[in-house]
>>> print(open('coords-v6.cif').read())   # mmCIF, C-alpha atoms
data_model
#
loop_
_atom_site.group_PDB
_atom_site.id
_atom_site.type_symbol
_atom_site.label_atom_id
_atom_site.label_comp_id
_atom_site.auth_asym_id
_atom_site.auth_seq_id
_atom_site.Cartn_x
_atom_site.Cartn_y
_atom_site.Cartn_z
ATOM 1 C CA MET A 235 0.000 0.000 0.000
ATOM 2 C CA ALA A 236 2.865 2.366 0.885
ATOM 3 C CA LYS A 237 4.497 1.563 -2.452
ATOM 4 C CA GLN A 238 1.215 2.309 -4.274
ATOM 5 C CA CYS A 239 0.823 5.637 -2.448
ATOM 6 C CA SER A 240 4.394 6.516 -3.338
ATOM 7 C CA SER A 241 3.638 5.831 -7.013
ATOM 8 C CA CYS A 242 0.518 7.970 -6.779
ATOM 9 C CA LYS A 243 2.550 10.773 -5.248
ATOM 10 C CA HIS A 244 5.187 10.645 -7.994
ATOM 11 C CA GLY A 245 2.446 10.497 -10.645
ATOM 12 C CA PHE A 246 0.749 13.534 -9.167
ATOM 13 C CA ILE A 247 4.027 15.486 -9.081
ATOM 14 C CA PHE A 248 4.720 14.567 -12.732
ATOM 15 C CA PHE A 249 1.227 15.727 -13.723
ATOM 16 C CA LEU A 250 1.668 18.952 -11.733
ATOM 17 C CA VAL A 251 4.984 19.705 -13.482
ATOM 18 C CA LEU A 252 3.394 19.173 -16.903
ATOM 19 C CA PHE A 253 0.447 21.373 -15.939
ATOM 20 C CA MET A 254 2.714 24.184 -14.723
ATOM 21 C CA GLN A 255 4.750 24.023 -17.942
ATOM 22 C CA HIS A 256 1.537 24.244 -19.980
ATOM 23 C CA LEU A 257 0.291 27.140 -17.829
ATOM 24 C CA HIS A 258 3.602 28.984 -18.201
ATOM 25 C CA THR A 259 3.548 28.557 -21.983
ATOM 26 C CA ASN A 260 0.001 29.849 -22.310
ATOM 27 C CA THR A 261 0.549 32.672 -19.824
ATOM 28 C CA ALA A 262 3.620 33.796 -21.754
ATOM 29 C CA ALA A 263 1.561 33.868 -24.941
ATOM 30 C CA LEU A 264 -1.286 35.775 -23.312
ATOM 31 C CA THR A 265 1.012 38.360 -21.728
ATOM 32 C CA ALA A 266 3.194 38.985 -24.768
ATOM 33 C CA ARG A 267 4.932 42.267 -24.196
ATOM 34 C CA TRP A 268 3.646 44.980 -26.502
ATOM 35 C CA GLN A 269 6.243 47.496 -27.626
ATOM 36 C CA PRO A 270 5.887 50.959 -29.195
ATOM 37 C CA MET A 271 7.107 51.495 -32.742
ATOM 38 C CA HIS A 272 10.828 52.166 -32.707
ATOM 39 C CA CYS A 273 12.146 55.017 -34.804
ATOM 40 C CA ASP A 274 15.204 56.956 -35.891
ATOM 41 C CA ALA A 275 14.698 60.709 -35.594
ATOM 42 C CA SER A 276 17.121 61.312 -38.453
ATOM 43 C CA ILE A 277 15.024 59.146 -40.814
ATOM 44 C CA ASN A 278 11.396 59.522 -39.715
ATOM 45 C CA PRO A 279 11.195 62.379 -37.191
ATOM 46 C CA SER A 280 7.424 62.835 -37.566
ATOM 47 C CA CYS A 281 4.318 61.889 -39.531
ATOM 48 C CA ASN A 282 0.537 62.064 -39.405
ATOM 49 C CA SER A 283 -1.224 59.175 -37.725
ATOM 50 C CA PHE A 284 -4.569 58.166 -36.197
ATOM 51 C CA LEU A 285 -5.678 57.058 -32.743
ATOM 52 C CA TYR A 286 -8.854 55.077 -32.109
ATOM 53 C CA ALA A 287 -10.906 56.778 -29.373
ATOM 54 C CA THR A 288 -13.937 55.115 -27.792
ATOM 55 C CA SER A 289 -16.737 57.650 -27.477
ATOM 56 C CA GLU A 290 -17.572 57.057 -23.761
ATOM 57 C CA GLY A 291 -20.485 59.472 -24.237
ATOM 58 C CA ARG A 292 -18.151 62.364 -25.033
ATOM 59 C CA SER A 293 -18.662 65.043 -27.670
ATOM 60 C CA LEU A 294 -16.207 65.403 -30.550
ATOM 61 C CA SER A 295 -14.878 68.646 -29.070
ATOM 62 C CA LYS A 296 -14.255 66.930 -25.716
ATOM 63 C CA ILE A 297 -12.392 64.086 -27.395
ATOM 64 C CA ALA A 298 -10.328 66.552 -29.433
ATOM 65 C CA ALA A 299 -9.379 68.460 -26.286
ATOM 66 C CA VAL A 300 -8.418 65.341 -24.331
ATOM 67 C CA PHE A 301 -6.297 63.946 -27.164
ATOM 68 C CA ASN A 302 -4.740 67.317 -28.021
ATOM 69 C CA ALA A 303 -6.053 67.106 -31.573
ATOM 70 C CA ASN A 304 -7.633 69.426 -34.107
ATOM 71 C CA ALA A 305 -11.412 68.831 -34.089
ATOM 72 C CA SER A 306 -11.455 69.036 -37.897
ATOM 73 C CA PHE A 307 -9.254 65.905 -38.009
ATOM 74 C CA LEU A 308 -11.778 63.731 -36.150
ATOM 75 C CA GLN A 309 -13.766 61.124 -38.082
ATOM 76 C CA PRO A 310 -16.710 59.184 -36.594
ATOM 77 C CA ILE A 311 -16.547 55.435 -37.244
ATOM 78 C CA LYS A 312 -19.473 53.087 -36.716
ATOM 79 C CA ARG A 313 -18.863 49.599 -35.326
ATOM 80 C CA PRO A 314 -21.055 46.638 -36.374
ATOM 81 C CA SER A 315 -22.714 46.859 -32.941
ATOM 82 C CA GLY A 316 -23.981 50.340 -33.817
ATOM 83 C CA VAL A 317 -21.633 52.130 -31.401
ATOM 84 C CA VAL A 318 -20.054 55.216 -32.963
ATOM 85 C CA ASP A 319 -16.424 55.805 -31.972
ATOM 86 C CA VAL A 320 -13.887 58.285 -33.326
ATOM 87 C CA LEU A 321 -10.694 58.255 -35.384
ATOM 88 C CA VAL A 322 -8.439 61.030 -34.093
ATOM 89 C CA GLY A 323 -5.896 62.451 -36.522
ATOM 90 C CA VAL A 324 -2.701 63.464 -34.686
ATOM 91 C CA PRO A 325 0.913 64.405 -35.373
ATOM 92 C CA CYS A 326 3.233 61.565 -34.437
ATOM 93 C CA THR A 327 6.806 62.319 -33.283
ATOM 94 C CA CYS A 328 9.943 60.242 -32.733
ATOM 95 C CA GLU A 329 11.051 60.811 -29.134
ATOM 96 C CA ALA A 330 13.362 59.231 -26.566
ATOM 97 C CA ILE A 331 11.544 57.202 -23.910
ATOM 98 C CA ASN A 332 14.678 56.142 -22.021
ATOM 99 C CA ASP A 333 18.468 56.166 -22.430
ATOM 100 C CA THR A 334 18.486 53.436 -25.065
ATOM 101 C CA MET A 335 15.156 53.578 -26.893
ATOM 102 C CA THR A 336 13.310 56.013 -29.126
ATOM 103 C CA ALA A 337 9.739 55.434 -30.269
ATOM 104 C CA LEU A 338 6.828 57.179 -31.972
ATOM 105 C CA PHE A 339 4.290 58.977 -29.775
ATOM 106 C CA HIS A 340 1.668 61.668 -29.744
ATOM 107 C CA ASP A 341 1.819 63.516 -26.408
ATOM 108 C CA THR A 342 -0.924 65.347 -24.582
ATOM 109 C CA GLU A 343 -1.347 66.993 -21.178
ATOM 110 C CA TYR A 344 -4.005 65.703 -18.790
ATOM 111 C CA LYS A 345 -5.258 67.316 -15.556
ATOM 112 C CA VAL A 346 -5.873 64.601 -12.974
ATOM 113 C CA GLU A 347 -9.377 64.482 -11.517
ATOM 114 C CA THR A 348 -10.557 63.154 -8.168
ATOM 115 C CA ASP A 349 -10.646 59.318 -8.013
ATOM 116 C CA ASP A 350 -8.519 58.968 -11.179
ATOM 117 C CA THR A 351 -6.208 55.962 -11.233
ATOM 118 C CA PRO A 352 -3.578 55.089 -13.849
ATOM 119 C CA ASN A 353 -5.852 52.298 -15.096
ATOM 120 C CA THR A 354 -8.994 54.440 -15.447
ATOM 121 C CA VAL A 355 -7.051 57.228 -17.153
ATOM 122 C CA LYS A 356 -5.620 54.721 -19.616
ATOM 123 C CA SER A 357 -8.814 52.755 -20.289
ATOM 124 C CA LYS A 358 -11.585 55.367 -19.978
ATOM 125 C CA ILE A 359 -9.975 58.699 -20.838
ATOM 126 C CA PHE A 360 -7.484 57.516 -23.459
ATOM 127 C CA SER A 361 -9.285 54.412 -24.779
ATOM 128 C CA GLY A 362 -6.592 51.957 -23.665
ATOM 129 C CA LEU A 363 -3.780 53.736 -25.509
ATOM 130 C CA ALA A 364 -1.927 55.690 -22.797
ATOM 131 C CA MET A 365 1.499 54.327 -21.899
ATOM 132 C CA ASN A 366 2.918 54.302 -18.341
ATOM 133 C CA VAL A 367 0.382 56.717 -16.842
ATOM 134 C CA GLY A 368 1.975 58.282 -13.765
ATOM 135 C CA ASP A 369 5.139 56.194 -14.272
ATOM 136 C CA GLY A 370 4.149 53.910 -11.397
ATOM 137 C CA ARG A 371 3.267 56.708 -8.979
ATOM 138 C CA ALA A 372 -0.138 57.512 -7.497
ATOM 139 C CA LEU A 373 -2.026 60.262 -9.283
ATOM 140 C CA ILE A 374 -2.694 63.484 -7.373
ATOM 141 C CA SER A 375 -5.884 65.421 -8.081
ATOM 142 C CA ALA A 376 -5.358 68.690 -10.003
ATOM 143 C CA ASP A 377 -1.829 67.698 -11.078
ATOM 144 C CA THR A 378 -1.098 67.943 -14.798
ATOM 145 C CA ILE A 379 0.677 64.931 -16.287
ATOM 146 C CA THR A 380 2.096 64.211 -19.722
ATOM 147 C CA VAL A 381 0.430 61.245 -21.404
ATOM 148 C CA HIS A 382 2.272 59.335 -24.129
ATOM 149 C CA LEU A 383 0.021 57.835 -26.823
ATOM 150 C CA PRO A 384 1.790 55.370 -29.153
ATOM 151 C CA CYS A 385 1.424 55.948 -32.872
ATOM 152 C CA GLY A 386 3.030 54.682 -36.047
ATOM 153 C CA CYS A 387 4.560 55.963 -39.262
ATOM 154 C CA SER A 388 4.665 54.354 -42.681
ATOM 155 C CA SER A 389 5.477 55.827 -46.070
ATOM 156 C CA ALA A 390 3.043 53.421 -47.737
ATOM 157 C CA LYS A 391 -0.033 53.415 -45.471
ATOM 158 C CA VAL A 392 -1.708 55.448 -42.753
ATOM 159 C CA LEU A 393 -1.404 53.552 -39.469
ATOM 160 C CA LEU A 394 -3.969 53.553 -36.687
ATOM 161 C CA SER A 395 -3.261 52.840 -33.004
ATOM 162 C CA TYR A 396 -6.029 50.572 -31.719
ATOM 163 C CA ALA A 397 -6.598 48.981 -28.294
ATOM 164 C CA VAL A 398 -8.270 45.576 -28.645
ATOM 165 C CA GLN A 399 -11.821 45.427 -27.277
ATOM 166 C CA GLU A 400 -13.918 42.562 -25.906
ATOM 167 C CA GLU A 401 -15.050 40.069 -28.577
ATOM 168 C CA ASP A 402 -12.563 41.460 -31.127
ATOM 169 C CA SER A 403 -10.765 39.151 -33.516
ATOM 170 C CA LEU A 404 -8.232 39.963 -36.211
ATOM 171 C CA PRO A 405 -10.777 39.373 -39.022
ATOM 172 C CA LYS A 406 -13.265 41.732 -37.289
ATOM 173 C CA ILE A 407 -10.612 44.416 -36.849
ATOM 174 C CA ALA A 408 -9.464 43.999 -40.451
ATOM 175 C CA SER A 409 -13.048 44.355 -41.681
ATOM 176 C CA LEU A 410 -13.660 47.465 -39.563
ATOM 177 C CA PHE A 411 -10.690 49.270 -41.080
ATOM 178 C CA ARG A 412 -10.878 47.776 -44.591
ATOM 179 C CA THR A 413 -7.540 46.045 -44.416
ATOM 180 C CA ARG A 414 -6.219 42.467 -44.303
ATOM 181 C CA VAL A 415 -5.297 40.213 -41.392
ATOM 182 C CA GLU A 416 -1.928 39.624 -43.057
ATOM 183 C CA ASP A 417 -1.218 43.356 -43.056
ATOM 184 C CA ILE A 418 -2.098 43.667 -39.361
ATOM 185 C CA LEU A 419 0.229 40.775 -38.538
ATOM 186 C CA TYR A 420 2.996 42.416 -40.564
ATOM 187 C CA TRP A 421 2.859 45.544 -38.394
ATOM 188 C CA ASN A 422 2.447 43.576 -35.136
ATOM 189 C CA SER A 423 5.068 40.846 -35.167
ATOM 190 C CA LYS A 424 4.796 40.451 -31.369
ATOM 191 C CA LEU A 425 1.353 38.874 -31.781
ATOM 192 C CA GLY A 426 2.770 35.474 -32.626
ATOM 193 C CA ASP A 427 -0.425 33.374 -32.714
ATOM 194 C CA PRO A 428 -3.123 35.290 -34.677
ATOM 195 C CA ASN A 429 -5.816 33.375 -32.777
ATOM 196 C CA ILE A 430 -4.687 34.760 -29.412
ATOM 197 C CA LEU A 431 -5.923 38.312 -28.953
ATOM 198 C CA GLN A 432 -6.485 39.915 -25.559
ATOM 199 C CA PRO A 433 -8.536 43.049 -24.717
ATOM 200 C CA GLY A 434 -6.204 45.937 -24.006
ATOM 201 C CA TRP A 435 -3.437 44.905 -26.389
ATOM 202 C CA ILE A 436 -2.408 47.775 -28.655
ATOM 203 C CA LEU A 437 -2.200 47.131 -32.386
ATOM 204 C CA PHE A 438 -0.903 49.209 -35.265
ATOM 205 C CA VAL A 439 -3.510 48.777 -38.000
ATOM 206 C CA PRO A 440 -2.947 49.884 -41.630
ATOM 207 C CA MET A 441 -6.088 51.643 -42.806
ATOM 208 C CA GLY A 442 -7.165 50.257 -46.169
ATOM 209 C CA VAL A 443 -5.268 50.328 -49.452
ATOM 210 C CA ASP A 444 -5.527 54.095 -49.792
ATOM 211 C CA GLY A 445 -5.173 55.022 -46.121
ATOM 212 C CA SER A 446 -8.849 55.874 -45.678
ATOM 213 C CA SER A 447 -11.411 54.247 -43.414
#
>>> encode(input="coords-v6.cif", output="structure tokens")
Amino acid sequence: MAKQCSSCKHGFIFFLVLFMQHLHTNTAALTARWQPMHCDASINPSCNSFLYATSEGRSLSKIAAVFNANASFLQPIKRPSGVVDVLVGVPCTCEAINDTMTALFHDTEYKVETDDTPNTVKSKIFSGLAMNVGDGRALISADTITVHLPCGCSSAKVLLSYAVQEEDSLPKIASLFRTRVEDILYWNSKLGDPNILQPGWILFVPMGVDGSS
């Protein structure tokens, strides 16, 4: 009986090791690190780009103000669900984000409101696009912070920064912006498995063959 229990114990440990390896593999895939689009200021110092803003019940002028954009460069876009969101045209600039990396961003200033948290500012105010809100520090009401919004440049296509929403898939996103899944994968090599897509991931999406939505 003791020998049988010992075998059961070893079998359980073997199963547990296999399970943990499987969990680690899947967790690594699901938490693939997104990275902003790297740039060289001497080659592509700036360009025009688009950000995808969820409406959140806001007027176009409110969205323009929050994203530091010209209201005339905003374009409503209707999702299959009937929800109308907004494409925000912005200037995109190559800037240093640390001592070793430069990337493309559109920056805006945001005045912190009561009960704001880095997560709510990122998800609700900036539609999932804001990077490193508060740089790991608590937000203080009435403080003004700089918010970095990732964007992309291409000489061939207009690129859109898009935060994945619930029930999205690559074919649905491609259809919304009149592009191809293959083109989205080309600009987002970190995706790996095209069938694994998590809400909150940021994608660079080429907007149709002529850059229009």
>>> closest_residue(input="coords-v6.cif", among="A:Val381, A:Ile359, A:Ala337, A:Leu308", to="Thr288 (chain A)", atoms="all atoms listed in the file")
A:Ile359
>>> atom_distance(input="coords-v6.cif", atom1="CA of Asp274 (chain A)", atom2="CA of Ala390 (chain A)")
17.3 Å
>>> axis_aligned_box(input="coords-v6.cif", around="region 327-330 of chain A", padding_each_side="8 Å", output="AutoDock Vina command-line options")
--center_x 10.1 --center_y 60.8 --center_z -29.9 --size_x 22.6 --size_y 19.1 --size_z 22.7
>>> residues_near_point(input="coords-v6.cif", point="(-10.3, 52.7, -44.8)", cutoff="12 Å", atoms="only C-alpha atoms", output="count of residues only")
25
>>> resolve_selection(input="coords-v6.cif", expression="the PyMOL selection byres ((chain A and resi 330) around 12)", output="mmCIF file with C-alpha atoms, in the frame of the given file")
data_model
loop_
_atom_site.group_PDB
_atom_site.id
_atom_site.type_symbol
_atom_site.label_atom_id
_atom_site.label_comp_id
_atom_site.auth_asym_id
_atom_site.auth_seq_id
_atom_site.Cartn_x
_atom_site.Cartn_y
_atom_site.Cartn_z
ATOM 1 C CA PRO A 270 5.887 50.959 -29.195
ATOM 2 C CA MET A 271 7.107 51.495 -32.742
ATOM 3 C CA HIS A 272 10.828 52.166 -32.707
ATOM 4 C CA CYS A 273 12.146 55.017 -34.804
ATOM 5 C CA ASP A 274 15.204 56.956 -35.891
ATOM 6 C CA ALA A 275 14.698 60.709 -35.594
ATOM 7 C CA PRO A 279 11.195 62.379 -37.191
ATOM 8 C CA THR A 327 6.806 62.319 -33.283
ATOM 9 C CA CYS A 328 9.943 60.242 -32.733
ATOM 10 C CA GLU A 329 11.051 60.811 -29.134
ATOM 11 C CA ILE A 331 11.544 57.202 -23.910
ATOM 12 C CA ASN A 332 14.678 56.142 -22.021
ATOM 13 C CA ASP A 333 18.468 56.166 -22.430
ATOM 14 C CA THR A 334 18.486 53.436 -25.065
ATOM 15 C CA MET A 335 15.156 53.578 -26.893
ATOM 16 C CA THR A 336 13.310 56.013 -29.126
ATOM 17 C CA ALA A 337 9.739 55.434 -30.269
ATOM 18 C CA LEU A 338 6.828 57.179 -31.972
ATOM 19 C CA PHE A 339 4.290 58.977 -29.775
ATOM 20 C CA HIS A 382 2.272 59.335 -24.129
#
>>> residues_around(input="coords-v6.cif", residues="Lys356 (chain A)", least_positions_apart="5", cutoff="9 Å", atoms="only C-alpha atoms", output="list in words")
Thr351, Ser361, Gly362, Leu363, Ala364, Met365, Asn366 and Val367 of chain A
>>> resolve_selection(input="coords-v6.cif", expression="the PyMOL selection byres ((chain A and resi 432) around 9)", output="CSV table (one decimal) with C-alpha atoms, in the frame of the given file")
chain,number,residue,atom,x,y,z
A,264,LEU,CA,-1.3,35.8,-23.3
A,265,THR,CA,1.0,38.4,-21.7
A,398,VAL,CA,-8.3,45.6,-28.6
A,399,GLN,CA,-11.8,45.4,-27.3
A,400,GLU,CA,-13.9,42.6,-25.9
A,402,ASP,CA,-12.6,41.5,-31.1
A,430,ILE,CA,-4.7,34.8,-29.4
A,431,LEU,CA,-5.9,38.3,-29.0
A,433,PRO,CA,-8.5,43.0,-24.7
A,434,GLY,CA,-6.2,45.9,-24.0
A,435,TRP,CA,-3.4,44.9,-26.4
>>> resolve_selection(input="coords-v6.cif", expression="the PyMOL selection byres ((chain A and resi 346) around 6)", output="ChimeraX atom specification")
/A:345,347,375-377
>>> atom_distance(input="coords-v6.cif", atom1="CA of Phe301 (chain A)", atom2="CA of Lys424 (chain A)")
26.3 Å
>>> closest_residue(input="coords-v6.cif", among="A:Leu285, A:Leu373, A:Leu437, A:Val355", to="Ser403 (chain A)", atoms="all atoms listed in the file")
A:Leu437
>>> closest_residue(input="coords-v6.cif", among="A:Ser283, A:Asn353, A:Gln269, A:Ser389", to="Gly323 (chain A)", atoms="all atoms listed in the file")
A:Ser283
>>> residues_around(input="coords-v6.cif", residues="Ser293 (chain A)", least_positions_apart="5", cutoff="12 Å", atoms="all atoms listed in the file", output="list in words")
Ala287, Thr288, Ala298, Ala299, Val300, Ala305, Leu308, Pro310, Val318, Asp319 and Val320 of chain A
>>> atom_distance(input="coords-v6.cif", atom1="CA of Ser289 (chain A)", atom2="CA of Phe360 (chain A)")
10.1 Å
>>> closest_residue(input="coords-v6.cif", among="A:Ser276, A:Trp268, A:Leu294, A:Cys281", to="Trp421 (chain A)", atoms="all atoms listed in the file")
A:Trp268
>>> decode(input="coords-v6.cif", residues="region 376-393 of chain A", atoms="N, CA and C atoms", output="PDB file, in the first residue's frame")
ATOM      1  N   ALA A 376      -5.719  67.345  -9.534  1.00  0.00           N
ATOM      2  CA  ALA A 376      -5.358  68.690 -10.003  1.00  0.00           C
ATOM      3  C   ALA A 376      -3.952  68.775 -10.578  1.00  0.00           C
ATOM      4  N   ASP A 377      -3.135  67.712 -10.422  1.00  0.00           N
ATOM      5  CA  ASP A 377      -1.829  67.698 -11.078  1.00  0.00           C
ATOM      6  C   ASP A 377      -2.010  67.551 -12.586  1.00  0.00           C
ATOM      7  N   THR A 378      -1.093  68.125 -13.350  1.00  0.00           N
ATOM      8  CA  THR A 378      -1.098  67.943 -14.798  1.00  0.00           C
ATOM      9  C   THR A 378       0.029  66.992 -15.177  1.00  0.00           C
ATOM     10  N   ILE A 379      -0.320  65.934 -15.896  1.00  0.00           N
ATOM     11  CA  ILE A 379       0.677  64.931 -16.287  1.00  0.00           C
ATOM     12  C   ILE A 379       0.760  64.856 -17.809  1.00  0.00           C
ATOM     13  N   THR A 380       1.922  64.448 -18.294  1.00  0.00           N
ATOM     14  CA  THR A 380       2.096  64.211 -19.722  1.00  0.00           C
ATOM     15  C   THR A 380       1.729  62.770 -20.031  1.00  0.00           C
ATOM     16  N   VAL A 381       0.872  62.582 -21.012  1.00  0.00           N
ATOM     17  CA  VAL A 381       0.430  61.245 -21.404  1.00  0.00           C
ATOM     18  C   VAL A 381       1.000  60.927 -22.787  1.00  0.00           C
ATOM     19  N   HIS A 382       1.677  59.773 -22.871  1.00  0.00           N
ATOM     20  CA  HIS A 382       2.272  59.335 -24.129  1.00  0.00           C
ATOM     21  C   HIS A 382       1.327  58.350 -24.821  1.00  0.00           C
ATOM     22  N   LEU A 383       0.925  58.679 -26.045  1.00  0.00           N
ATOM     23  CA  LEU A 383       0.021  57.835 -26.823  1.00  0.00           C
ATOM     24  C   LEU A 383       0.794  57.275 -28.015  1.00  0.00           C
ATOM     25  N   PRO A 384       0.983  55.958 -28.081  1.00  0.00           N
ATOM     26  CA  PRO A 384       1.790  55.370 -29.153  1.00  0.00           C
ATOM     27  C   PRO A 384       1.130  55.525 -30.512  1.00  0.00           C
ATOM     28  N   CYS A 385       1.929  55.845 -31.507  1.00  0.00           N
ATOM     29  CA  CYS A 385       1.424  55.948 -32.872  1.00  0.00           C
ATOM     30  C   CYS A 385       2.474  55.379 -33.821  1.00  0.00           C
ATOM     31  N   GLY A 386       2.127  55.309 -35.097  1.00  0.00           N
ATOM     32  CA  GLY A 386       3.030  54.682 -36.047  1.00  0.00           C
ATOM     33  C   GLY A 386       3.161  55.441 -37.347  1.00  0.00           C
ATOM     34  N   CYS A 387       4.303  55.305 -37.977  1.00  0.00           N
ATOM     35  CA  CYS A 387       4.560  55.963 -39.262  1.00  0.00           C
ATOM     36  C   CYS A 387       4.849  54.919 -40.336  1.00  0.00           C
ATOM     37  N   SER A 388       4.365  55.180 -41.517  1.00  0.00           N
ATOM     38  CA  SER A 388       4.665  54.354 -42.681  1.00  0.00           C
ATOM     39  C   SER A 388       4.572  55.224 -43.919  1.00  0.00           C
ATOM     40  N   SER A 389       5.512  55.049 -44.831  1.00  0.00           N
ATOM     41  CA  SER A 389       5.477  55.827 -46.070  1.00  0.00           C
ATOM     42  C   SER A 389       4.429  55.291 -47.035  1.00  0.00           C
ATOM     43  N   ALA A 390       3.972  54.058 -46.804  1.00  0.00           N
ATOM     44  CA  ALA A 390       3.043  53.421 -47.737  1.00  0.00           C
ATOM     45  C   ALA A 390       1.594  53.503 -47.293  1.00  0.00           C
ATOM     46  N   LYS A 391       1.341  53.462 -45.971  1.00  0.00           N
ATOM     47  CA  LYS A 391      -0.033  53.415 -45.471  1.00  0.00           C
ATOM     48  C   LYS A 391      -0.181  54.330 -44.263  1.00  0.00           C
ATOM     49  N   VAL A 392      -1.403  54.743 -43.993  1.00  0.00           N
ATOM     50  CA  VAL A 392      -1.708  55.448 -42.753  1.00  0.00           C
ATOM     51  C   VAL A 392      -1.949  54.390 -41.678  1.00  0.00           C
ATOM     52  N   LEU A 393      -1.265  54.522 -40.545  1.00  0.00           N
ATOM     53  CA  LEU A 393      -1.404  53.552 -39.469  1.00  0.00           C
ATOM     54  C   LEU A 393      -2.265  54.103 -38.350  1.00  0.00           C
TER      55      LEU A 393
END
